[in-house]
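Shown here: structure_7.tsv, TSV, C-alpha atoms.
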```tsv
chain	number	residue	atom	x	y	z
V	178	MET	CA	92.71	-1.55	6.83
V	179	ARG	CA	92.02	-5.04	8.17
V	180	ILE	CA	88.62	-6.65	7.79
V	181	ALA	CA	86.80	-6.92	11.13
V	182	ASP	CA	85.59	-10.52	10.93
V	183	SER	CA	85.00	-12.46	14.15
V	184	GLU	CA	88.38	-14.17	14.01
V	185	SER	CA	90.23	-10.87	13.58
V	186	ILE	CA	88.33	-9.31	16.47
V	187	GLU	CA	89.01	-12.26	18.76
V	188	GLN	CA	92.72	-12.18	17.90
V	189	SER	CA	92.82	-8.47	18.63
V	190	ILE	CA	91.09	-9.03	21.98
V	191	GLN	CA	93.60	-11.75	22.88
V	192	ARG	CA	96.53	-9.44	22.18
V	193	GLY	CA	94.94	-6.65	24.20
V	194	VAL	CA	94.20	-8.91	27.17
V	195	ASP	CA	97.77	-10.23	27.02
V	196	TRP	CA	99.04	-6.65	27.21
V	197	LEU	CA	96.84	-5.94	30.26
V	198	GLY	CA	98.16	-9.14	31.81
V	199	GLN	CA	101.76	-8.00	31.31
V	200	GLN	CA	100.99	-4.71	33.07
V	201	HIS	CA	99.40	-6.63	35.93
V	202	GLU	CA	102.39	-8.91	36.29
V	203	ALA	CA	104.59	-5.85	36.73
V	204	SER	CA	102.55	-4.93	39.81
V	205	THR	CA	103.27	-6.46	43.20
V	206	ASP	CA	99.96	-5.62	44.89
V	207	GLY	CA	97.33	-6.99	42.50
V	208	GLY	CA	96.30	-3.66	40.99
V	209	TRP	CA	97.01	-1.79	37.79
V	210	HIS	CA	99.18	1.34	38.07
V	211	PRO	CA	99.49	3.19	34.76
V	212	PRO	CA	102.46	5.58	34.98
V	213	THR	CA	101.34	8.33	32.59
V	214	TYR	CA	99.26	10.40	35.00
V	215	GLY	CA	100.03	10.79	38.69
V	216	ALA	CA	96.36	10.92	39.67
V	217	MET	CA	95.92	7.32	38.48
V	218	ARG	CA	99.12	5.74	39.76
V	219	GLY	CA	97.49	4.75	43.04
V	220	GLY	CA	95.53	2.20	41.04
V	221	ALA	CA	91.89	2.44	42.16
V	222	SER	CA	90.40	3.88	38.98
V	223	ALA	CA	92.73	1.94	36.67
V	224	THR	CA	91.95	-1.34	38.41
V	225	SER	CA	88.21	-0.76	38.50
V	226	LEU	CA	88.32	0.03	34.78
V	227	ALA	CA	90.24	-3.21	34.15
V	228	LEU	CA	87.58	-5.16	36.04
V	229	PHE	CA	84.88	-3.49	33.99
V	230	VAL	CA	86.76	-4.62	30.87
V	231	ALA	CA	86.79	-8.17	32.21
V	232	SER	CA	83.02	-8.08	32.71
V	233	THR	CA	82.52	-7.42	29.00
V	234	LEU	CA	85.01	-9.97	27.65
V	235	PRO	CA	84.04	-13.29	26.08
V	236	GLU	CA	85.18	-16.50	27.73
V	237	PRO	CA	87.76	-17.71	28.56
V	238	HIS	CA	89.13	-14.22	29.27
V	239	ARG	CA	86.56	-13.51	32.01
V	240	SER	CA	87.97	-16.27	34.25
V	241	LEU	CA	91.59	-15.12	34.47
V	242	PRO	CA	93.02	-15.01	38.03
V	243	MET	CA	94.17	-11.40	37.63
V	244	TRP	CA	90.60	-10.10	37.84
V	245	LYS	CA	90.07	-11.64	41.29
V	246	LYS	CA	93.40	-10.21	42.42
V	247	GLY	CA	92.29	-6.83	41.13
V	248	LEU	CA	89.12	-6.96	43.25
V	249	GLU	CA	91.16	-7.95	46.32
V	250	PHE	CA	93.35	-4.90	45.68
V	251	LEU	CA	90.29	-2.64	45.57
V	252	LEU	CA	88.73	-4.08	48.71
V	253	ARG	CA	91.85	-3.19	50.71
V	254	GLY	CA	91.16	0.47	50.03
V	255	LEU	CA	87.48	0.04	50.78
V	256	SER	CA	88.37	-1.07	54.31
V	257	GLN	CA	89.57	2.50	54.94
V	258	ARG	CA	86.80	4.33	53.09
V	259	ASP	CA	83.12	3.90	52.28
V	260	CYS	CA	83.94	3.68	48.57
V	261	ILE	CA	86.50	2.25	46.19
V	262	ALA	CA	89.86	3.78	47.06
V	263	CYS	CA	93.56	3.03	46.77
V	264	PRO	CA	94.98	0.67	49.44
V	265	ASP	CA	96.38	3.62	51.39
V	266	GLY	CA	92.93	5.22	51.48
V	267	THR	CA	93.59	7.95	48.93
V	268	LEU	CA	90.75	8.67	46.51
V	269	ASP	CA	91.12	8.21	42.78
V	270	TYR	CA	87.92	9.11	40.85
V	271	PRO	CA	85.88	7.31	43.55
V	272	THR	CA	82.44	7.71	41.98
V	273	TYR	CA	83.57	6.20	38.68
V	274	SER	CA	85.58	3.52	40.49
V	275	THR	CA	82.73	2.54	42.80
V	276	ALA	CA	80.19	2.35	39.98
V	277	LEU	CA	82.51	0.34	37.72
V	278	THR	CA	83.37	-2.09	40.52
V	279	LEU	CA	79.71	-2.67	41.38
V	280	ILE	CA	78.84	-3.38	37.75
V	281	ALA	CA	81.86	-5.57	37.08
V	282	SER	CA	81.72	-7.65	40.26
V	283	ARG	CA	78.06	-8.47	39.68
V	284	ARG	CA	78.60	-9.46	36.05
V	285	LEU	CA	81.68	-11.55	36.86
V	286	GLY	CA	80.27	-13.13	40.00
V	287	LEU	CA	83.25	-11.91	42.02
V	288	PRO	CA	82.66	-12.20	45.75
V	289	ILE	CA	81.72	-9.03	47.62
V	290	GLU	CA	80.04	-9.45	51.00
V	291	SER	CA	76.49	-8.10	51.09
V	292	ARG	CA	77.38	-5.52	53.76
V	293	VAL	CA	80.30	-4.30	51.64
V	294	ARG	CA	78.17	-4.08	48.51
V	295	ARG	CA	75.56	-2.14	50.46
V	296	LYS	CA	78.25	0.29	51.58
V	297	LEU	CA	79.26	0.90	47.95
V	298	VAL	CA	75.65	1.40	46.87
V	299	GLU	CA	75.04	3.83	49.72
V	300	PHE	CA	78.13	5.80	48.73
V	301	LEU	CA	76.75	6.32	45.23
V	302	ILE	CA	73.34	7.29	46.58
V	303	ALA	CA	74.91	9.73	49.04
V	304	GLU	CA	76.97	11.43	46.34
V	305	GLN	CA	73.98	12.36	44.18
V	306	LEU	CA	73.47	16.12	44.21
V	307	THR	CA	70.29	16.43	46.30
V	308	GLU	CA	68.99	18.35	49.31
V	309	ALA	CA	69.74	15.59	51.80
V	310	ASN	CA	73.13	14.59	50.43
V	311	ARG	CA	74.93	17.68	49.18
V	312	ALA	CA	72.50	20.55	49.92
V	313	PHE	CA	71.30	21.03	46.33
V	314	SER	CA	67.71	22.18	45.80
V	315	SER	CA	65.46	20.79	43.10
V	316	ASP	CA	65.51	24.06	41.16
V	317	GLN	CA	69.27	23.86	40.56
V	318	VAL	CA	70.42	22.46	37.21
V	319	ASP	CA	72.85	20.02	38.85
V	320	TYR	CA	70.18	18.51	41.08
V	321	GLY	CA	69.97	14.74	40.58
V	322	GLY	CA	73.30	14.28	38.85
V	323	TRP	CA	76.78	13.26	40.01
V	324	ASP	CA	80.10	15.08	39.78
V	325	LEU	CA	83.76	14.19	40.28
V	326	LEU	CA	83.94	15.37	43.91
V	327	GLY	CA	82.79	12.07	45.39
V	328	GLY	CA	84.10	11.47	48.88
V	329	SER	CA	85.23	15.07	49.31
V	330	GLY	CA	82.49	16.06	51.73
V	331	ALA	CA	81.63	19.02	49.49
V	332	VAL	CA	78.28	20.55	50.52
V	333	GLY	CA	76.46	23.07	48.34
V	334	PHE	CA	79.32	23.05	45.85
V	335	THR	CA	80.03	21.11	42.68
V	336	ALA	CA	82.69	21.08	40.01
V	337	GLY	CA	79.80	20.36	37.64
V	338	SER	CA	77.56	17.33	37.29
V	339	ASN	CA	78.18	15.47	34.04
V	340	ILE	CA	76.53	12.83	31.90
V	341	SER	CA	79.49	10.43	31.92
V	342	VAL	CA	79.85	9.73	35.63
V	343	SER	CA	76.07	10.03	36.11
V	344	SER	CA	75.45	7.38	33.46
V	345	PHE	CA	77.76	4.87	35.14
V	346	ALA	CA	76.25	5.61	38.55
V	347	VAL	CA	72.73	4.93	37.24
V	348	GLN	CA	73.83	1.75	35.47
V	349	ALA	CA	75.37	0.50	38.72
V	350	LEU	CA	72.36	1.34	40.89
V	351	ALA	CA	69.85	-0.11	38.42
V	352	ALA	CA	71.04	-3.64	39.25
V	353	GLU	CA	70.91	-3.18	43.02
V	354	GLU	CA	68.05	-3.76	45.48
V	355	HIS	CA	68.63	-0.98	47.99
V	356	PRO	CA	65.31	0.70	48.92
V	357	LYS	CA	66.60	4.14	47.87
V	358	CYS	CA	67.81	3.10	44.40
V	359	GLN	CA	64.61	3.75	42.46
V	360	ALA	CA	64.09	7.25	43.86
V	361	THR	CA	67.74	8.02	43.15
V	362	ILE	CA	67.42	6.81	39.56
V	363	LYS	CA	64.21	8.78	39.04
V	364	ARG	CA	65.97	11.98	40.09
V	365	ALA	CA	68.86	11.16	37.78
V	366	LEU	CA	66.50	10.71	34.84
V	367	GLY	CA	65.06	14.16	35.47
V	368	TRP	CA	68.60	15.54	35.64
V	369	ALA	CA	69.57	13.85	32.35
V	370	GLN	CA	66.72	15.55	30.52
V	371	ARG	CA	68.48	18.86	31.15
V	372	CYS	CA	71.46	17.57	29.14
V	373	GLN	CA	69.46	16.64	26.04
V	374	ASN	CA	68.57	18.68	22.98
V	375	TYR	CA	65.02	17.37	22.90
V	376	SER	CA	61.64	18.95	22.43
V	377	PRO	CA	58.89	17.13	20.47
V	378	GLY	CA	58.10	18.97	17.25
V	379	ASP	CA	61.03	21.39	17.53
V	380	PRO	CA	63.35	20.87	14.52
V	381	THR	CA	66.16	22.83	16.20
V	382	LYS	CA	66.47	20.12	18.87
V	383	ASP	CA	68.17	17.09	17.33
V	384	GLY	CA	67.80	14.63	20.24
V	385	GLY	CA	71.49	14.39	21.08
V	386	PHE	CA	73.13	15.09	24.43
V	387	TYR	CA	75.77	17.43	25.77
V	388	PHE	CA	78.03	16.95	28.80
V	389	HIS	CA	76.79	19.44	31.44
V	390	PRO	CA	73.28	20.71	32.19
V	391	GLU	CA	74.81	24.14	32.85
V	392	LYS	CA	74.32	25.47	29.35
V	393	ASP	CA	77.35	27.78	29.23
V	394	ALA	CA	79.76	25.31	30.84
V	395	LEU	CA	83.03	24.95	28.96
V	396	GLY	CA	82.75	21.20	29.41
V	397	ASN	CA	80.12	21.24	26.64
V	398	LYS	CA	82.92	20.75	24.18
V	399	ALA	CA	81.12	21.12	20.84
V	400	GLU	CA	80.32	24.80	21.56
V	401	TRP	CA	76.84	26.32	21.22
V	402	GLU	CA	74.14	27.14	18.72
V	403	ASP	CA	72.97	30.77	18.73
V	404	ASP	CA	69.20	30.36	19.02
V	405	GLY	CA	68.42	33.20	21.36
V	406	PHE	CA	70.36	31.70	24.26
V	407	LYS	CA	73.45	29.57	24.63
V	408	HIS	CA	72.21	26.25	23.37
V	409	PRO	CA	74.94	23.55	23.53
V	410	ARG	CA	75.47	21.39	20.45
V	411	SER	CA	74.99	17.66	20.70
V	412	TYR	CA	78.05	15.45	20.29
V	413	GLY	CA	78.83	11.77	20.27
V	414	THR	CA	80.20	10.79	23.66
V	415	PRO	CA	77.51	12.35	25.89
V	416	THR	CA	74.84	11.10	23.50
V	417	CYS	CA	76.01	7.50	24.02
V	418	ASP	CA	76.16	8.08	27.77
V	419	GLY	CA	72.71	9.67	27.79
V	420	ILE	CA	71.13	6.76	25.94
V	421	ARG	CA	72.67	4.25	28.35
V	422	LEU	CA	71.49	6.27	31.34
V	423	MET	CA	67.91	6.45	30.04
V	424	LEU	CA	67.80	2.75	29.23
V	425	ALA	CA	69.22	1.83	32.65
V	426	ALA	CA	66.63	4.10	34.23
V	427	GLY	CA	63.88	2.04	32.61
V	428	LEU	CA	62.96	3.94	29.46
V	429	LYS	CA	62.34	1.82	26.36
V	430	SER	CA	64.26	2.29	23.14
V	431	THR	CA	60.97	3.41	21.56
V	432	ASP	CA	60.55	6.28	24.03
V	433	GLY	CA	60.79	9.60	22.18
V	434	ARG	CA	63.79	10.78	24.15
V	435	VAL	CA	65.71	7.58	23.53
V	436	SER	CA	64.72	7.11	19.90
V	437	SER	CA	65.60	10.71	19.01
V	438	ALA	CA	69.06	10.32	20.53
V	439	ILE	CA	69.57	7.06	18.65
V	440	ALA	CA	68.40	8.73	15.44
V	441	TRP	CA	70.97	11.49	15.92
V	442	LEU	CA	73.74	8.91	16.29
V	443	LYS	CA	72.50	7.01	13.25
V	444	GLU	CA	72.89	10.13	11.11
V	445	GLN	CA	76.61	10.28	11.95
V	446	ASN	CA	78.25	7.94	9.46
V	447	ASP	CA	81.97	8.29	10.31
V	448	VAL	CA	83.19	6.44	13.40
V	449	LYS	CA	86.78	7.62	13.02
V	450	LYS	CA	86.10	10.82	14.94
V	451	VAL	CA	83.59	11.78	17.60
V	452	PRO	CA	80.63	13.39	15.77
V	453	GLY	CA	79.19	16.78	16.63
V	454	PHE	CA	82.26	18.96	16.20
V	455	GLU	CA	81.84	19.63	12.48
V	456	ASP	CA	80.42	23.14	13.00
V	457	ALA	CA	82.56	24.14	15.97
V	458	SER	CA	84.86	27.09	15.33
V	459	GLU	CA	87.62	25.38	17.32
V	460	THR	CA	87.45	21.64	17.88
V	461	LEU	CA	90.53	21.86	20.13
V	462	ASP	CA	91.22	18.24	19.22
V	463	TRP	CA	88.22	17.02	21.25
V	464	ASP	CA	86.98	14.92	18.34
V	465	GLU	CA	90.29	13.04	18.39
V	466	GLY	CA	90.87	13.13	22.13
V	467	LEU	CA	87.56	11.43	22.94
V	468	LYS	CA	87.88	8.81	20.23
V	469	TYR	CA	88.35	5.63	22.26
V	470	TYR	CA	85.68	6.59	24.79
V	471	PHE	CA	83.33	7.06	21.84
V	472	PHE	CA	84.25	3.63	20.47
V	473	MET	CA	83.35	2.13	23.86
V	474	GLY	CA	80.10	4.06	24.19
V	475	LEU	CA	78.86	3.40	20.66
V	476	SER	CA	79.67	-0.32	20.87
V	477	GLN	CA	77.35	-0.72	23.86
V	478	LEU	CA	74.40	0.43	21.75
V	479	LEU	CA	74.80	-1.82	18.71
V	480	ASP	CA	72.50	-4.55	20.00
V	481	LEU	CA	69.48	-2.35	20.66
V	482	PRO	CA	66.12	-3.74	19.45
V	483	ASN	CA	65.72	-3.47	15.66
V	484	GLN	CA	69.47	-2.82	15.40
V	485	PRO	CA	69.23	0.87	14.42
V	486	LEU	CA	73.02	1.31	14.61
V	487	GLU	CA	73.98	-2.01	12.99
V	488	ALA	CA	75.65	-0.25	10.05
V	489	CYS	CA	78.36	1.01	12.44
V	490	ARG	CA	79.47	-2.48	13.47
V	491	GLU	CA	81.88	-3.43	10.70
V	492	SER	CA	83.49	-0.01	10.31
V	493	LEU	CA	83.94	0.31	14.07
V	494	GLY	CA	85.69	-3.04	14.29
V	495	GLU	CA	87.93	-2.26	11.35
V	496	GLU	CA	88.96	1.08	12.81
V	497	ILE	CA	89.80	-0.29	16.25
V	498	ILE	CA	91.78	-3.25	14.92
V	499	ASP	CA	93.70	-0.99	12.56
V	500	LEU	CA	94.75	1.27	15.45
V	501	GLN	CA	96.16	-1.51	17.65
V	502	SER	CA	99.90	-1.29	18.33
V	503	SER	CA	102.31	-4.15	17.73
V	504	ASP	CA	102.54	-4.84	21.49
V	505	GLY	CA	98.76	-5.35	21.71
V	506	SER	CA	97.90	-2.01	23.29
V	507	TRP	CA	96.15	1.09	21.98
V	508	ARG	CA	97.22	4.69	22.50
V	509	ASN	CA	95.61	7.95	21.37
V	510	PRO	CA	98.11	10.50	19.97
V	511	SER	CA	95.94	13.18	21.58
V	512	ASP	CA	96.29	13.81	25.31
V	513	ARG	CA	93.08	15.87	25.58
V	514	MET	CA	91.25	13.20	27.60
V	515	ARG	CA	94.21	11.12	28.84
V	516	GLU	CA	93.70	8.50	26.16
V	517	ASP	CA	97.41	8.85	25.39
V	518	ASP	CA	97.76	6.57	28.41
V	519	PRO	CA	97.70	3.08	26.84
V	520	HIS	CA	95.89	1.59	29.84
V	521	ILE	CA	92.91	3.87	29.26
V	522	ALA	CA	92.80	3.52	25.47
V	523	THR	CA	93.36	-0.25	25.65
V	524	CYS	CA	90.56	-0.75	28.18
V	525	PHE	CA	88.13	1.29	26.08
V	526	SER	CA	89.12	-0.61	22.93
V	527	LEU	CA	88.71	-4.03	24.54
V	528	ILE	CA	85.23	-3.11	25.79
V	529	ALA	CA	84.28	-2.01	22.28
V	530	LEU	CA	85.64	-5.14	20.60
V	531	SER	CA	83.98	-7.39	23.16
V	532	ASN	CA	80.64	-5.80	22.42
V	533	LEU	CA	81.23	-6.43	18.72
V	534	VAL	CA	81.86	-10.11	19.41
V	535	LYS	CA	78.62	-10.37	21.36
V	536	GLY	CA	76.71	-9.14	18.38
V	537	ALA	CA	78.47	-11.34	15.86
```
Render the structure in this file as structure tokens.
Amino acid sequence: MRIADSESIEQSIQRGVDWLGQQHEASTDGGWHPPTYGAMRGGASATSLALFVASTLPEPHRSLPMWKKGLEFLLRGLSQRDCIACPDGTLDYPTYSTALTLIASRRLGLPIESRVRRKLVEFLIAEQLTEANRAFSSDQVDYGGWDLLGGSGAVGFTAGSNISVSSFAVQALAAEEHPKCQATIKRALGWAQRCQNYSPGDPTKDGGFYFHPEKDALGNKAEWEDDGFKHPRSYGTPTCDGIRLMLAAGLKSTDGRVSSAIAWLKEQNDVKKVPGFEDASETLDWDEGLKYYFFMGLSQLLDLPNQPLEACRESLGEEIIDLQSSDGSWRNPSDRMREDDPHIATCFSLIALSNLVKGA
């Protein structure tokens, strides 16, 4: 195990960025095209994720020419769609890609014309599950969230809203000035409350989050508590996403909902696996398969006021550095959440390490 001092972290980041650069050089169109999964070979989601990485990196990595080329690649697809798409117009996780591109371009100061940015913002607003957008009524559990069917034209149907894509959508919209953003975010905050094990004074509700508001959805991967109804267990990745969503929506870290979620994370003292699966009858490798996403999510919470999660910092850095491959990339042995693709695991790891540097 290597000690995660600032120098070690910066060296690890350099090697990871070099690896991303090598993958970019192999491309002829300015995008990233990881070969592991066909759904991502078109490049929209992989390139938007790479730009999001860039927006978290310390200088001088943020100024590399490949990031601007990546944005130019994404804008070619946008000319055919109202969202981030592949250059041929095919969709590749468009809600994630659009949210990540909005966040990254603003942080990096990459040029997007105001009319184009407005189009991206309006796409995210239009994909929220509401009456006007997708024919969802306010009494439905998915109302106010986002799903993975962005750009499909699906009306009255969802594959399931989830806390991950909804969190990124809210974070993107929170920095924009469109007149519909605040109402959209307010609905999303109400939606998020249906994904949280929270009730003041109820000791059975620990404050953590689960993935879907539909309580018996299989996507709630840590199974359920038997408390008279199917009550999903909290686990690490949606809890990190839920905290970021609430903070982006304007709640303070001292708000009961936020502080209880942070307290749940603080009680989990092992960053090597995603917490929350300890009592599940079958973990199905989720605790390993979500590992790098958890690293990314947890790292974005280490600089909260009063540093409630500060104790995680050193062990998180040590774990990530120790897992880096000799070529500078990261790869999860588990394929449960596609983190066996080194592009995905490397991007998540670089985001996490960059957040550790910021707090050094």
Using only C-alpha atoms, which of the listed residues (V:Ala203, V:Asp480, V:Gly505, V:Phe334) sits closest to V:Asn310? V:Phe334
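Each of V:Cys260, V:Val448, V:Ala281, V:Ile521 was checked against V:Leu486 using all atoms listed in the file; the smallest atom-to-atom distance is that of V:Val448.
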Residue with the minimum atom-to-atom distance to V:Arg192, picked from V:Ser492, V:Glu402, V:Ile498, V:Cys263 with all atoms listed in the file counted, is V:Ile498
If we count all atoms listed in the file and set the cut-off at 12 Å, which residues sit around stretch 216-219 of chain V, ignoring sequence neighbours fewer than 5 positions away in its own chain? Please answer as number ranges by chain. V: 204, 206-211, 224-226, 250-251, 254, 261-271, 274, 515, 518, 520-521
Work out how far atom CA of V:Thr361 is from atom CA of V:Val347, in Å to one decimal.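 These two atoms are separated by 8.3 Å.
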Find, counting all atoms listed in the file, the residue in V:Gly337, V:Pro235, V:Gly433, V:Gly367 that gets nearest to V:Gly384. V:Gly433
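Coordinates place atom CA of V:Pro212 at a distance of 29.0 Å from atom CA of V:Glu236.
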Could you state the separation of atom CA of V:Arg294 and atom CA of V:Leu277 in Å, given to one decimal place?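 Atom-to-atom, atom CA of V:Arg294 and atom CA of V:Leu277 are spaced 12.4 Å apart.
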Contacts of V:Ser437 within 10 Å, only C-alpha atoms, excl. fewer than 5 positions in-chain, as an MDAnalysis selection string: chainID V and resid 373:377 382:385 420 430:432 442:443
For V:Gly321, list every protein, DNA or RNA residue within 6 Å, evaluated using only C-alpha atoms, and leave out those in the same chain fewer than 2 positions away; present the list as a list of chain:residue names.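 That gives V:Gln305, V:Leu306, V:Thr307, V:Arg364, V:Ala365, V:Trp368.
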List the spatial neighbours of V:Ala394 as a list in words - criterion: any atom at most 12 Å away, all atoms listed in the file, same-chain residues fewer than 6 positions off excluded.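 Listed by chain and then number, they are Val318, Asp319, Ala336, Gly337, Ser338, Asn339, Cys372, Tyr387, Phe388, Glu400, Trp401, Lys407, His408, Pro409 and Arg410 of chain V.
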Stretch 495-505 of chain V, all listed atoms, 6 Å padding on each side: what axis-aligned box centre and edge lengths in Å to one decimal come out, as JSON?
```
{"center_x": 95.2, "center_y": -2.0, "center_z": 16.5, "size_x": 26.6, "size_y": 18.6, "size_z": 22.4}
```
Residues near V:Leu241, cut-off 10 Å, all atoms listed in the file, skip fewer than 5 positions along chain, as a VMD selection string: chain V and resid 194 198 231 236 246
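Ranking V:Arg253, V:Arg295, V:His389, V:Arg283 by their shortest atom-to-atom distance to V:Tyr320, with only C-alpha atoms included, puts V:His389 first.
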Choose the residue, out of V:Val534, V:Val451, V:Ala312, V:Ala399, that has the smallest atom-to-atom separation from V:Ser411; count all atoms listed in the file.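 Residue with the minimum atom-to-atom distance to V:Ser411: V:Ala399.
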Can you put all heavy atoms back into stretch 362-370 of chain V and show it as a compact mmCIF listing (two decimals), in the coordinates of the input?
```txt
# COMPACT_ATOMS: atom_id res chain seq x y z
N ILE V 362 67.42 6.92 41.02
CA ILE V 362 67.42 6.81 39.56
C ILE V 362 66.39 7.74 38.94
O ILE V 362 66.66 8.37 37.89
CB ILE V 362 67.17 5.34 39.15
CG1 ILE V 362 68.38 4.47 39.53
CG2 ILE V 362 66.88 5.23 37.65
CD1 ILE V 362 68.14 2.99 39.40
N LYS V 363 65.24 7.87 39.56
CA LYS V 363 64.21 8.78 39.04
C LYS V 363 64.71 10.21 39.02
O LYS V 363 64.49 10.95 38.04
CB LYS V 363 62.95 8.66 39.89
CG LYS V 363 61.79 9.51 39.37
CD LYS V 363 60.54 9.32 40.22
CE LYS V 363 59.39 10.19 39.70
NZ LYS V 363 58.16 9.98 40.52
N ARG V 364 65.40 10.63 40.08
CA ARG V 364 65.97 11.98 40.09
C ARG V 364 67.03 12.14 39.00
O ARG V 364 67.12 13.19 38.36
CB ARG V 364 66.58 12.28 41.46
CG ARG V 364 65.56 12.58 42.55
CD ARG V 364 66.25 13.11 43.80
NE ARG V 364 67.09 12.10 44.43
CZ ARG V 364 66.70 11.29 45.40
NH1 ARG V 364 65.46 11.37 45.87
NH2 ARG V 364 67.52 10.40 45.93
N ALA V 365 67.82 11.09 38.80
CA ALA V 365 68.86 11.16 37.78
C ALA V 365 68.27 11.28 36.39
O ALA V 365 68.82 11.97 35.52
CB ALA V 365 69.75 9.92 37.87
N LEU V 366 67.15 10.62 36.15
CA LEU V 366 66.50 10.71 34.84
C LEU V 366 66.02 12.14 34.59
O LEU V 366 66.17 12.68 33.49
CB LEU V 366 65.34 9.72 34.77
CG LEU V 366 64.62 9.61 33.43
CD1 LEU V 366 65.59 9.23 32.31
CD2 LEU V 366 63.50 8.58 33.53
N GLY V 367 65.47 12.77 35.61
CA GLY V 367 65.06 14.16 35.47
C GLY V 367 66.25 15.06 35.21
O GLY V 367 66.18 16.01 34.39
N TRP V 368 67.37 14.78 35.87
CA TRP V 368 68.60 15.54 35.64
C TRP V 368 69.06 15.37 34.19
O TRP V 368 69.44 16.35 33.52
CB TRP V 368 69.69 15.06 36.61
CG TRP V 368 71.04 15.61 36.28
CD1 TRP V 368 71.58 16.79 36.72
CD2 TRP V 368 72.02 15.02 35.42
NE1 TRP V 368 72.83 16.97 36.18
CE2 TRP V 368 73.11 15.89 35.38
CE3 TRP V 368 72.06 13.85 34.68
CZ2 TRP V 368 74.26 15.62 34.63
CZ3 TRP V 368 73.19 13.57 33.92
CH2 TRP V 368 74.28 14.46 33.90
N ALA V 369 69.06 14.13 33.69
CA ALA V 369 69.57 13.85 32.35
C ALA V 369 68.79 14.61 31.27
O ALA V 369 69.36 14.99 30.24
CB ALA V 369 69.54 12.36 32.07
N GLN V 370 67.53 14.83 31.50
CA GLN V 370 66.72 15.55 30.52
C GLN V 370 67.21 16.98 30.31
O GLN V 370 66.96 17.57 29.26
CB GLN V 370 65.25 15.52 30.96
CG GLN V 370 64.65 14.13 30.91
CD GLN V 370 63.24 14.06 31.47
OE1 GLN V 370 62.70 15.06 31.96
NE2 GLN V 370 62.64 12.88 31.42
```
